[in-house]
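Read through the structure below, which is laid out as C-alpha coordinates, and then see the notes.
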Amino acid sequence: MDSGGRILPPEFFDRPVLEVARDLLGRVLVREREGRRLAGRIVELEAYGATRRGQPDLACHAIRGKTRRNASMFGPPGRAYVYLVYGMHHCLNLVCGPEGRAEAVLLRALEPLEGEDVMAALRPGRPRRQWTAGPGRLSAALGLDLGWDGAPLAPPGLWLEEGRPLPASRRGSSPRVGVDYAGPAAAWPWRFLEKGNPHLSRRG
DNA sequence: GTCAAGATTAGT
DNA sequence: CTAATCTTGACG
(Lines give C-alpha, C1' and ligand atoms only; values in the text may rest on other atoms or scores of the structure.)
Protein backbone atom coordinates (compact mmCIF):
# COMPACT_ATOMS: atom_id res chain seq x y z
CA MET A 1 0.00 0.00 0.00
CA ASP A 2 1.31 3.43 -0.88
CA SER A 3 -0.81 6.22 0.55
CA GLY A 4 1.91 8.84 0.58
CA GLY A 5 3.66 9.17 -2.76
CA ARG A 6 7.06 10.68 -3.29
CA ILE A 7 9.46 11.09 -0.37
CA LEU A 8 10.01 14.62 0.94
CA PRO A 9 13.76 15.41 0.63
CA PRO A 10 15.89 17.30 3.20
CA GLU A 11 15.49 20.49 1.13
CA PHE A 12 11.77 20.46 1.92
CA PHE A 13 12.67 21.21 5.53
CA ASP A 14 15.31 23.81 4.70
CA ARG A 15 12.88 26.73 4.85
CA PRO A 16 11.51 29.00 7.59
CA VAL A 17 9.80 26.76 10.14
CA LEU A 18 6.41 28.46 9.92
CA GLU A 19 6.33 27.88 6.18
CA VAL A 20 7.29 24.22 6.57
CA ALA A 21 4.76 23.71 9.37
CA ARG A 22 1.82 24.87 7.27
CA ASP A 23 3.08 22.85 4.32
CA LEU A 24 3.27 19.67 6.41
CA LEU A 25 -0.44 19.46 7.17
CA GLY A 26 -1.88 16.66 5.05
CA ARG A 27 1.52 15.08 4.42
CA VAL A 28 2.21 11.50 5.42
CA LEU A 29 4.58 10.30 8.13
CA VAL A 30 5.84 6.79 7.46
CA ARG A 31 7.52 4.48 9.92
CA GLU A 32 8.89 1.14 8.81
CA ARG A 33 9.05 -1.21 11.76
CA GLU A 34 9.95 -4.88 11.57
CA GLY A 35 9.08 -4.95 7.90
CA ARG A 36 5.71 -3.26 8.40
CA ARG A 37 4.66 0.15 7.13
CA LEU A 38 3.00 2.34 9.74
CA ALA A 39 1.68 5.56 8.26
CA GLY A 40 -0.47 8.49 9.21
CA ARG A 41 -1.62 11.80 7.81
CA ILE A 42 -0.35 14.83 9.72
CA VAL A 43 -3.35 16.71 11.12
CA GLU A 44 -1.81 18.75 13.94
CA LEU A 45 1.65 20.22 14.64
CA GLU A 46 3.43 23.17 16.21
CA ALA A 47 6.32 25.38 15.10
CA TYR A 48 9.20 26.28 17.43
CA GLY A 49 12.28 28.46 17.26
CA ALA A 50 11.30 31.32 14.95
CA THR A 51 11.22 34.94 16.05
CA ARG A 52 8.11 37.11 15.94
CA ARG A 53 8.44 40.86 15.51
CA GLY A 54 12.00 40.54 16.74
CA GLN A 55 10.94 38.70 19.90
CA PRO A 56 12.58 35.32 20.72
CA ASP A 57 10.46 32.19 21.12
CA LEU A 58 10.66 31.58 24.87
CA ALA A 59 8.84 28.26 24.44
CA CYS A 60 11.64 26.82 22.32
CA HIS A 61 14.00 24.28 23.89
CA ALA A 62 16.91 25.99 22.17
CA ILE A 63 16.23 29.42 23.69
CA ARG A 64 19.27 29.12 25.97
CA GLY A 65 21.60 27.78 23.33
CA LYS A 66 22.83 24.35 22.40
CA THR A 67 22.69 21.64 25.06
CA ARG A 68 22.91 17.87 25.11
CA ARG A 69 19.14 17.45 24.75
CA ASN A 70 18.48 19.95 21.97
CA ALA A 71 21.64 19.41 19.89
CA SER A 72 19.63 17.89 17.03
CA MET A 73 17.70 21.14 16.62
CA PHE A 74 20.93 22.87 15.66
CA GLY A 75 21.85 20.18 13.16
CA PRO A 76 20.93 19.93 9.48
CA PRO A 77 17.25 20.07 8.42
CA GLY A 78 15.36 16.92 7.56
CA ARG A 79 16.24 15.01 10.71
CA ALA A 80 14.36 14.00 13.82
CA TYR A 81 14.61 15.72 17.19
CA VAL A 82 13.19 13.42 19.86
CA TYR A 83 13.08 14.23 23.55
CA LEU A 84 11.52 12.83 26.70
CA VAL A 85 9.00 14.86 28.71
CA TYR A 86 7.70 14.23 32.22
CA GLY A 87 9.99 11.25 32.48
CA MET A 88 7.71 9.08 30.38
CA HIS A 89 6.57 10.45 27.03
CA HIS A 90 8.59 10.83 23.86
CA CYS A 91 7.94 13.72 21.48
CA LEU A 92 8.87 13.71 17.79
CA ASN A 93 10.03 16.90 16.07
CA LEU A 94 11.22 17.48 12.51
CA VAL A 95 14.23 19.78 12.27
CA CYS A 96 13.76 22.74 9.91
CA GLY A 97 15.70 25.74 8.65
CA PRO A 98 19.39 25.88 7.81
CA GLU A 99 21.95 24.10 9.98
CA GLY A 100 22.75 26.12 13.10
CA ARG A 101 19.29 27.75 13.24
CA ALA A 102 17.46 25.56 15.82
CA GLU A 103 13.95 25.51 14.35
CA ALA A 104 11.65 22.48 14.42
CA VAL A 105 8.05 21.33 14.22
CA LEU A 106 6.51 19.15 16.92
CA LEU A 107 4.17 16.55 15.45
CA ARG A 108 1.08 16.44 17.66
CA ALA A 109 -1.44 14.25 15.87
CA LEU A 110 -1.86 11.90 12.93
CA GLU A 111 -4.81 10.28 11.22
CA PRO A 112 -3.89 6.55 10.97
CA LEU A 113 -3.61 5.30 7.37
CA GLU A 114 -1.56 2.11 7.35
CA GLY A 115 -0.43 -0.51 9.85
CA GLU A 116 -3.37 0.09 12.17
CA ASP A 117 -3.10 -3.43 13.57
CA VAL A 118 0.45 -2.68 14.70
CA MET A 119 -0.56 0.65 16.23
CA ALA A 120 -3.34 -1.13 18.09
CA ALA A 121 -0.81 -3.61 19.45
CA LEU A 122 1.48 -0.78 20.56
CA ARG A 123 -1.43 1.00 22.30
CA PRO A 124 -3.12 -1.90 24.06
CA GLY A 125 -6.58 -1.16 25.37
CA ARG A 126 -6.78 2.28 23.81
CA PRO A 127 -9.49 3.29 21.36
CA ARG A 128 -8.41 3.94 17.74
CA ARG A 129 -9.24 7.60 18.21
CA GLN A 130 -6.41 7.89 20.73
CA TRP A 131 -3.63 5.97 19.05
CA THR A 132 -2.00 8.98 17.45
CA ALA A 133 -3.76 11.96 19.08
CA GLY A 134 -1.15 13.80 21.12
CA PRO A 135 2.66 13.91 20.80
CA GLY A 136 3.30 11.21 23.39
CA ARG A 137 0.68 8.86 22.00
CA LEU A 138 1.88 9.43 18.44
CA SER A 139 5.41 8.39 19.35
CA ALA A 140 4.16 5.37 21.28
CA ALA A 141 1.96 4.22 18.40
CA LEU A 142 4.91 4.33 16.00
CA GLY A 143 7.39 2.82 18.43
CA LEU A 144 9.64 5.89 18.58
CA ASP A 145 11.97 6.69 21.46
CA LEU A 146 15.19 8.58 22.25
CA GLY A 147 17.11 6.24 19.98
CA TRP A 148 15.57 8.14 17.05
CA ASP A 149 16.95 11.51 18.09
CA GLY A 150 19.05 12.85 15.23
CA ALA A 151 17.90 10.21 12.75
CA PRO A 152 17.67 11.33 9.10
CA LEU A 153 14.09 11.47 7.81
CA ALA A 154 14.73 8.94 5.07
CA PRO A 155 14.21 5.25 4.42
CA PRO A 156 14.63 2.87 6.02
CA GLY A 157 12.94 3.65 9.29
CA LEU A 158 11.26 7.01 9.31
CA TRP A 159 10.42 9.47 6.57
CA LEU A 160 7.75 11.73 5.06
CA GLU A 161 5.81 11.36 1.84
CA GLU A 162 4.01 13.99 -0.22
CA GLY A 163 0.43 13.04 0.52
CA ARG A 164 -1.86 15.98 -0.29
CA PRO A 165 -1.08 19.38 1.20
CA LEU A 166 -4.08 20.70 3.10
CA PRO A 167 -5.92 23.59 1.41
CA ALA A 168 -5.65 26.76 3.47
CA SER A 169 -9.43 26.80 3.79
CA ARG A 170 -9.37 23.65 5.95
CA ARG A 171 -6.43 24.83 8.04
CA GLY A 172 -6.82 26.18 11.55
CA SER A 173 -4.38 27.62 14.08
CA SER A 174 -4.23 28.34 17.79
CA PRO A 175 -1.73 29.03 20.57
CA ARG A 176 0.62 26.14 21.24
CA VAL A 177 -0.30 23.60 23.89
CA GLY A 178 1.46 23.38 27.26
CA VAL A 179 3.70 26.43 26.98
CA ASP A 180 2.02 28.81 29.42
CA TYR A 181 5.42 29.47 30.96
CA ALA A 182 6.67 31.14 27.77
CA GLY A 183 5.54 34.70 28.43
CA PRO A 184 4.41 36.55 25.28
CA ALA A 185 5.27 33.56 23.08
CA ALA A 186 2.61 31.49 24.88
CA ALA A 187 -0.06 33.30 22.88
CA TRP A 188 1.52 33.07 19.46
CA PRO A 189 -0.72 31.06 17.08
CA TRP A 190 1.89 28.55 16.02
CA ARG A 191 -0.18 25.40 16.41
CA PHE A 192 -1.59 24.33 13.05
CA LEU A 193 -4.32 21.78 12.48
CA GLU A 194 -6.94 20.43 10.16
CA LYS A 195 -10.23 21.92 11.30
CA GLY A 196 -12.69 19.36 12.57
CA ASN A 197 -10.42 16.34 12.22
CA PRO A 198 -11.43 13.70 14.82
CA HIS A 199 -7.83 12.74 15.55
CA LEU A 200 -6.75 16.09 17.00
CA SER A 201 -5.18 15.99 20.48
CA ARG A 202 -7.84 18.46 21.56
CA ARG A 203 -10.33 20.87 20.01
CA GLY A 204 -8.93 23.47 17.68
C1' DG B 1 26.49 17.07 43.75
C1' DT B 2 21.79 18.70 44.30
C1' DC B 3 17.22 19.87 42.85
C1' DA B 4 13.12 21.86 40.58
C1' DA B 5 10.48 21.52 36.57
C1' DG B 6 8.65 19.79 32.28
C1' DA B 7 6.35 21.07 24.16
C1' DT B 8 1.95 14.77 28.59
C1' DT B 9 -1.20 11.29 29.74
C1' DA B 10 -4.28 8.22 32.37
C1' DG B 11 -7.01 7.64 36.10
C1' DT B 12 -9.96 9.41 40.18
C1' DC C 1 -7.72 17.54 39.51
C1' DT C 2 -3.57 15.10 40.33
C1' DA C 3 -0.05 11.37 40.27
C1' DA C 4 3.32 9.22 37.59
C1' DT C 5 8.38 9.25 36.50
C1' DC C 6 13.16 10.55 35.24
C1' DT C 7 16.08 13.30 32.26
C1' DT C 8 17.67 17.67 31.76
C1' DG C 9 19.78 21.86 32.87
C1' DA C 10 20.77 25.46 36.14
C1' DC C 11 23.56 26.46 39.96
C1' DG C 12 27.35 25.94 43.10
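By convention in this document, the chains of the C-alpha coordinates carry letters A, B, ... by their order, each chain's residues are numbered from 1, and ligands are numbered from 1 in the order they are shown.
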
**Asked** If you run DSSP on the backbone, which residues of chain A are alpha helix (DSSP H), as a count of residues only?
**Response** 35

Write out as a Markdown table a residue-level contact list of chain B versus chain A with cut-off 12 Å: for each qualifying residue the closest pair of atoms and the distance in Å to one decimal, counting only C-alpha atoms (C1' of nucleotides), rows sorted by chain and residue number upward.
```
| residue | atom | partner | partner_atom | distance |
| --- | --- | --- | --- | --- |
| B:DA5 | C1' | A:Tyr86 | CA | 8.9 |
| B:DG6 | C1' | A:Tyr86 | CA | 5.6 |
| B:DA7 | C1' | A:Gly178 | CA | 6.2 |
| B:DT8 | C1' | A:Gly136 | CA | 6.4 |
| B:DT9 | C1' | A:Gly136 | CA | 7.8 |
| B:DA10 | C1' | A:Arg126 | CA | 10.7 |
```

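In this structure, CA of Val43 in chain A sits 7.4 Å away from CA of His199 in chain A.
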
**Prompt:** Counting only C-alpha atoms (C1' of nucleotides), which residues of chain C come no farther than 12 Å from chain A, as a ChimeraX atom specification?
**Reply:** /C:3-10

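The two atoms in question, CA of Leu94 in chain A and CA of Gly196 in chain A, are spaced 24.0 Å apart.
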